[in-house]
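Have a look at the structure below, then the notes.
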Amino acid sequence: MSSYRNTFHFMGELFLPNERAKQPFYQIFKNERGQSARLNFGIKESDHNMGFVEAFGSQNDTIKTMSTDNEKIEVPWDDRFDEETVKQVANYKKFTVNLGDEYGGRNDFITQYDMIEFLHEWLPKYKGRVYVTGQFNRNPYKDKFYNHFSIENVYGVADDDDRHNRLGLLMDIYYNNESFDKADMKDSGKGYLNGYLNQYIDKDNGLKFVPMDFVFNASVYDMDNEKQKKLYEYKMKYLDIKNKKIMHIPWEIVMINGAEEKPFDESMLTNAQREQVELGLKVVDDFRPRGSIFGSNIKEFRLFLPKLTGNFVDGMLQSDFNEREFEDNIYVPIKDEKIDDVVKASKESKNEKKLESKQIDESDLDESSLF
């Protein structure tokens with residue numbers, strides 16, 4: 001079983017946390033083996049929507065990586081900046097930064113540590129938008145999963161680049177006919193996909209499936225508009241599927257992490273304002289407040305469009321797993337045992353042993369205790 005690289009592609013304004021923040025921009029960790037560095041910063045799609053990305057790297061005697069021939073190689077730490085050595089490393093194992101000629105130029109690193117050190121020096125000086133790409137993972141910790149955006153490439157965006165800011169991702173999602181919940185679509189305009197991603201956990205577990213929830217925002221489609229109605233029906237064809245078997249396909253995802261801008265409409269009017277509109281004395285726009293209107297803070301991964309490339313040019317594929325095998329390969333985080341729980345479990349075990357030593361007559365049981 002091989003996994004699909006779930007990736008993120010964020011474009012927007014740069015936000016650097018200060019050193020007093022819970023997750024500061026730059027941190028150094030030292031131990032007997034050497035030094036490690038961590039970098040954390042935000043990409044602002046707008047003033048009310050931002051995604052945080054991070055990188056962690058360590059100094060080592062040797063660098064274990066992959067060659068351009070896709071073979072495992074080891075590079076001595078002191079040779080990591082050698083031009084010929086860097087050329088031997090596969091592009092997908094490099095970390096590229098290009099903020100522009102006035103901000104250190106283009107650099108291809110073969111360690112995340114060196115990328116971090118470079119960004120630590122140059123990002124605080126940089127002015128403008130950035131485009132950051134990397135790998136997305138759902139990292140297990142105790143009994144929960146946490147979203148992790150690991151930086152691989154950072155590019156400066158030219159002033160005349162007309163691409164819009166966006167917190168985009170590409171994920172290969174596994175699901176079947178029971179995964180899509182459309183019960184609230186009529187009221188909230190949102191459907192919910194309870195899907196899974198296939199990713200590497202660690203050397204002991206290897207590749208496993210991890211759960212993740214996605215949102216289909218149907219409220220943006222005007223069903224009186226023929227084109228928008230067709231778009232809605234097209235996307236629903238890939239969500240409200242009929243197949244009982246586990247299917248999968250990459251989806252383009254848009255992340256919303258903050259307050260979403262809301263359109264101003266008649267529902268926002270007071271009764272007095274609505275009365276004037278109904279009498280034709282005013283129109284809705286006459287009561288529109290200055291600036292934008294924002295709702296409450298939300299965090300959603302919204303399904304935008306199926307990605308029909310590579311093995312998926314004809315649409316969804318059936319997974320190699322039957323239902324039982326798929327369930328067996330779902331990763332369940334291990335919950336840390338508290339000392340109180342251990343003591344309680346020990347007492348329960350002792351009580352169970354006491355019960356086992358007694359002969360119980362079924363006629364002594366109250367029937368209600370069986371339910």
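Please note that chains go A, B, ... in the order of the structure tokens, that every chain numbers its residues from 1, and that ligands are numbered from 1 in the order shown.
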(message) Can you pull out the residues contacting Ile330 (chain A)? Cut-off 7 Å, using only C-alpha atoms, and skip same-chain residues under 3 positions away; I want them as a PyMOL selection string.
(response) chain A and resi 208-210+326-327
Put those residues in a file: C-alpha atoms, as a PDB file, in the first residue's frame.
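Dumped to part-v2.pdb:
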```
ATOM      1  CA  LYS A 208      -2.640   3.889   8.419  1.00  0.00           C
ATOM      2  CA  PHE A 209      -5.943   5.635   7.795  1.00  0.00           C
ATOM      3  CA  VAL A 210      -6.727   8.660   9.946  1.00  0.00           C
ATOM      4  CA  PHE A 326     -10.132  -0.943   5.972  1.00  0.00           C
ATOM      5  CA  GLU A 327     -11.413  -0.844   9.560  1.00  0.00           C
TER       6      GLU A 327
END
```
Set the distance at 12 Å and use only C-alpha atoms: which residues neighbour Met255 (chain A) once local chain neighbours fewer than 2 positions away are removed? I'd like the list as a compact mmCIF listing (two decimals) with N, CA, C and O atoms, in the first residue's frame.
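Result saved to part.txt:
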```txt
# COMPACT_ATOMS: atom_id res chain seq x y z
N PHE A 8 -0.34 21.13 1.10
CA PHE A 8 -1.00 22.44 1.24
C PHE A 8 -0.29 23.44 0.34
O PHE A 8 0.90 23.31 0.03
N HIS A 9 -1.06 24.47 -0.07
CA HIS A 9 -0.54 25.51 -0.95
C HIS A 9 -1.17 26.83 -0.51
O HIS A 9 -2.29 27.16 -0.91
N PHE A 10 -0.45 27.56 0.35
CA PHE A 10 -0.99 28.77 0.96
C PHE A 10 -0.38 30.01 0.31
O PHE A 10 0.84 30.11 0.18
N MET A 11 -1.25 30.95 -0.06
CA MET A 11 -0.78 32.24 -0.57
C MET A 11 -1.44 33.36 0.21
O MET A 11 -2.65 33.35 0.43
N ILE A 43 0.11 32.56 7.40
CA ILE A 43 -0.19 33.06 6.07
C ILE A 43 -1.62 33.59 6.10
O ILE A 43 -2.56 32.84 6.35
N LYS A 44 -1.77 34.89 5.87
CA LYS A 44 -3.09 35.53 5.98
C LYS A 44 -3.76 35.59 4.60
O LYS A 44 -3.33 36.33 3.73
N GLU A 45 -4.84 34.80 4.45
CA GLU A 45 -5.64 34.91 3.23
C GLU A 45 -6.37 36.24 3.24
O GLU A 45 -6.59 36.87 2.21
N ASN A 49 -8.76 35.50 8.19
CA ASN A 49 -8.58 34.09 7.83
C ASN A 49 -7.10 33.80 7.66
O ASN A 49 -6.45 34.36 6.76
N MET A 50 -6.56 32.93 8.51
CA MET A 50 -5.12 32.69 8.50
C MET A 50 -4.80 31.23 8.81
O MET A 50 -5.46 30.60 9.63
N GLY A 51 -3.76 30.71 8.16
CA GLY A 51 -3.27 29.37 8.43
C GLY A 51 -1.82 29.43 8.90
O GLY A 51 -1.03 30.23 8.38
N PHE A 52 -1.47 28.60 9.89
CA PHE A 52 -0.10 28.58 10.40
C PHE A 52 0.66 27.38 9.84
O PHE A 52 0.12 26.28 9.75
N ASN A 147 -3.66 18.85 13.21
CA ASN A 147 -3.27 19.18 11.85
C ASN A 147 -1.88 19.80 11.84
O ASN A 147 -1.58 20.69 12.64
N ASN A 165 -5.22 35.44 -2.97
CA ASN A 165 -4.82 34.76 -1.74
C ASN A 165 -5.72 33.55 -1.52
O ASN A 165 -6.93 33.61 -1.77
N ARG A 166 -5.13 32.47 -1.01
CA ARG A 166 -5.92 31.26 -0.80
C ARG A 166 -5.19 30.31 0.14
O ARG A 166 -3.97 30.17 0.06
N LEU A 167 -5.95 29.67 1.02
CA LEU A 167 -5.41 28.60 1.87
C LEU A 167 -5.90 27.29 1.28
O LEU A 167 -6.95 26.76 1.64
N GLY A 168 -5.14 26.78 0.32
CA GLY A 168 -5.57 25.60 -0.43
C GLY A 168 -4.81 24.35 -0.02
O GLY A 168 -3.67 24.40 0.43
N LEU A 169 -5.49 23.19 -0.18
CA LEU A 169 -4.87 21.89 0.08
C LEU A 169 -5.31 20.91 -1.00
O LEU A 169 -6.31 21.14 -1.70
N LEU A 170 -4.56 19.83 -1.12
CA LEU A 170 -4.92 18.74 -2.02
C LEU A 170 -4.82 17.44 -1.22
O LEU A 170 -3.74 17.09 -0.74
N MET A 171 -5.96 16.74 -1.07
CA MET A 171 -6.01 15.55 -0.22
C MET A 171 -6.73 14.40 -0.91
O MET A 171 -7.79 14.61 -1.51
N ASP A 213 -12.77 15.34 8.98
CA ASP A 213 -14.08 15.83 8.55
C ASP A 213 -13.92 16.97 7.55
O ASP A 213 -13.07 17.85 7.72
N PHE A 214 -14.78 16.96 6.54
CA PHE A 214 -14.78 17.98 5.50
C PHE A 214 -16.18 18.56 5.34
O PHE A 214 -17.17 17.90 5.67
N VAL A 215 -16.25 19.78 4.80
CA VAL A 215 -17.53 20.47 4.66
C VAL A 215 -17.79 20.80 3.20
O VAL A 215 -16.90 21.26 2.48
N PHE A 216 -19.03 20.54 2.76
CA PHE A 216 -19.46 20.98 1.44
C PHE A 216 -20.45 22.12 1.65
O PHE A 216 -21.54 21.92 2.20
N GLU A 252 -9.52 19.10 -4.18
CA GLU A 252 -8.99 20.43 -3.86
C GLU A 252 -9.80 20.95 -2.69
O GLU A 252 -11.03 20.92 -2.70
N ILE A 253 -9.10 21.41 -1.65
CA ILE A 253 -9.73 21.85 -0.41
C ILE A 253 -9.39 23.32 -0.16
O ILE A 253 -8.28 23.77 -0.45
N ASN A 257 -10.12 29.38 8.43
CA ASN A 257 -9.65 29.36 9.81
C ASN A 257 -9.74 30.78 10.39
O ASN A 257 -8.78 31.51 10.47
N GLY A 258 -10.96 31.17 10.73
CA GLY A 258 -11.19 32.52 11.24
C GLY A 258 -12.62 32.92 10.99
O GLY A 258 -13.50 32.08 10.79
N ALA A 259 -12.87 34.22 10.97
CA ALA A 259 -14.22 34.73 10.74
C ALA A 259 -14.46 34.87 9.24
O ALA A 259 -13.67 35.48 8.53
N GLU A 260 -15.55 34.31 8.76
CA GLU A 260 -15.85 34.35 7.33
C GLU A 260 -16.70 35.57 7.00
O GLU A 260 -17.64 35.92 7.72
N ILE A 298 -14.76 30.20 12.65
CA ILE A 298 -14.98 28.81 12.28
C ILE A 298 -13.66 28.22 11.79
O ILE A 298 -12.74 28.94 11.42
N LYS A 299 -13.57 26.89 11.81
CA LYS A 299 -12.44 26.19 11.22
C LYS A 299 -12.99 25.05 10.41
O LYS A 299 -13.51 24.07 10.96
N GLU A 300 -12.92 25.18 9.09
CA GLU A 300 -13.49 24.19 8.19
C GLU A 300 -12.54 23.90 7.04
O GLU A 300 -11.82 24.79 6.56
N PHE A 301 -12.56 22.65 6.59
CA PHE A 301 -11.86 22.26 5.37
C PHE A 301 -12.94 22.00 4.33
O PHE A 301 -13.64 20.99 4.38
N ARG A 302 -13.09 22.94 3.40
CA ARG A 302 -14.20 22.90 2.47
C ARG A 302 -13.83 22.22 1.15
O ARG A 302 -12.80 22.51 0.54
N LEU A 303 -14.69 21.32 0.73
CA LEU A 303 -14.50 20.58 -0.51
C LEU A 303 -14.79 21.50 -1.69
O LEU A 303 -15.88 22.06 -1.81
N PHE A 304 -13.79 21.66 -2.55
CA PHE A 304 -13.94 22.58 -3.68
C PHE A 304 -14.15 21.86 -5.00
O PHE A 304 -15.11 22.11 -5.71
```
(request) Select, from A:Asn98, A:Ser319, A:Gln35, A:Ser46, the residue with the minimum atom-to-atom distance to Ile256 (chain A), counting only C-alpha atoms. (result) A:Ser46
(request) Can you pull out every residue within 12 Å of Ala90 (chain A), counting only C-alpha atoms, but drop anything in the same chain fewer than 6 positions away, and send it as a list in words? (result) Lys64, Thr65, Met66, Ser67, Thr68, Asp69, Asn70, Glu71, Lys72, Ile73, Asp108, Phe109 and Ile110 of chain A
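One distance worth recording is that between CA of Gly134 (chain A) and CA of Ser150 (chain A), which is 5.5 Å.
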(message) Env of Pro24 (chain A): 8 Å cut, atoms = only C-alpha atoms, seq-sep filter 4 positions within chain, self excluded. Answer as a PyMOL selection string.
(response) chain A and resi 17-20+39-41
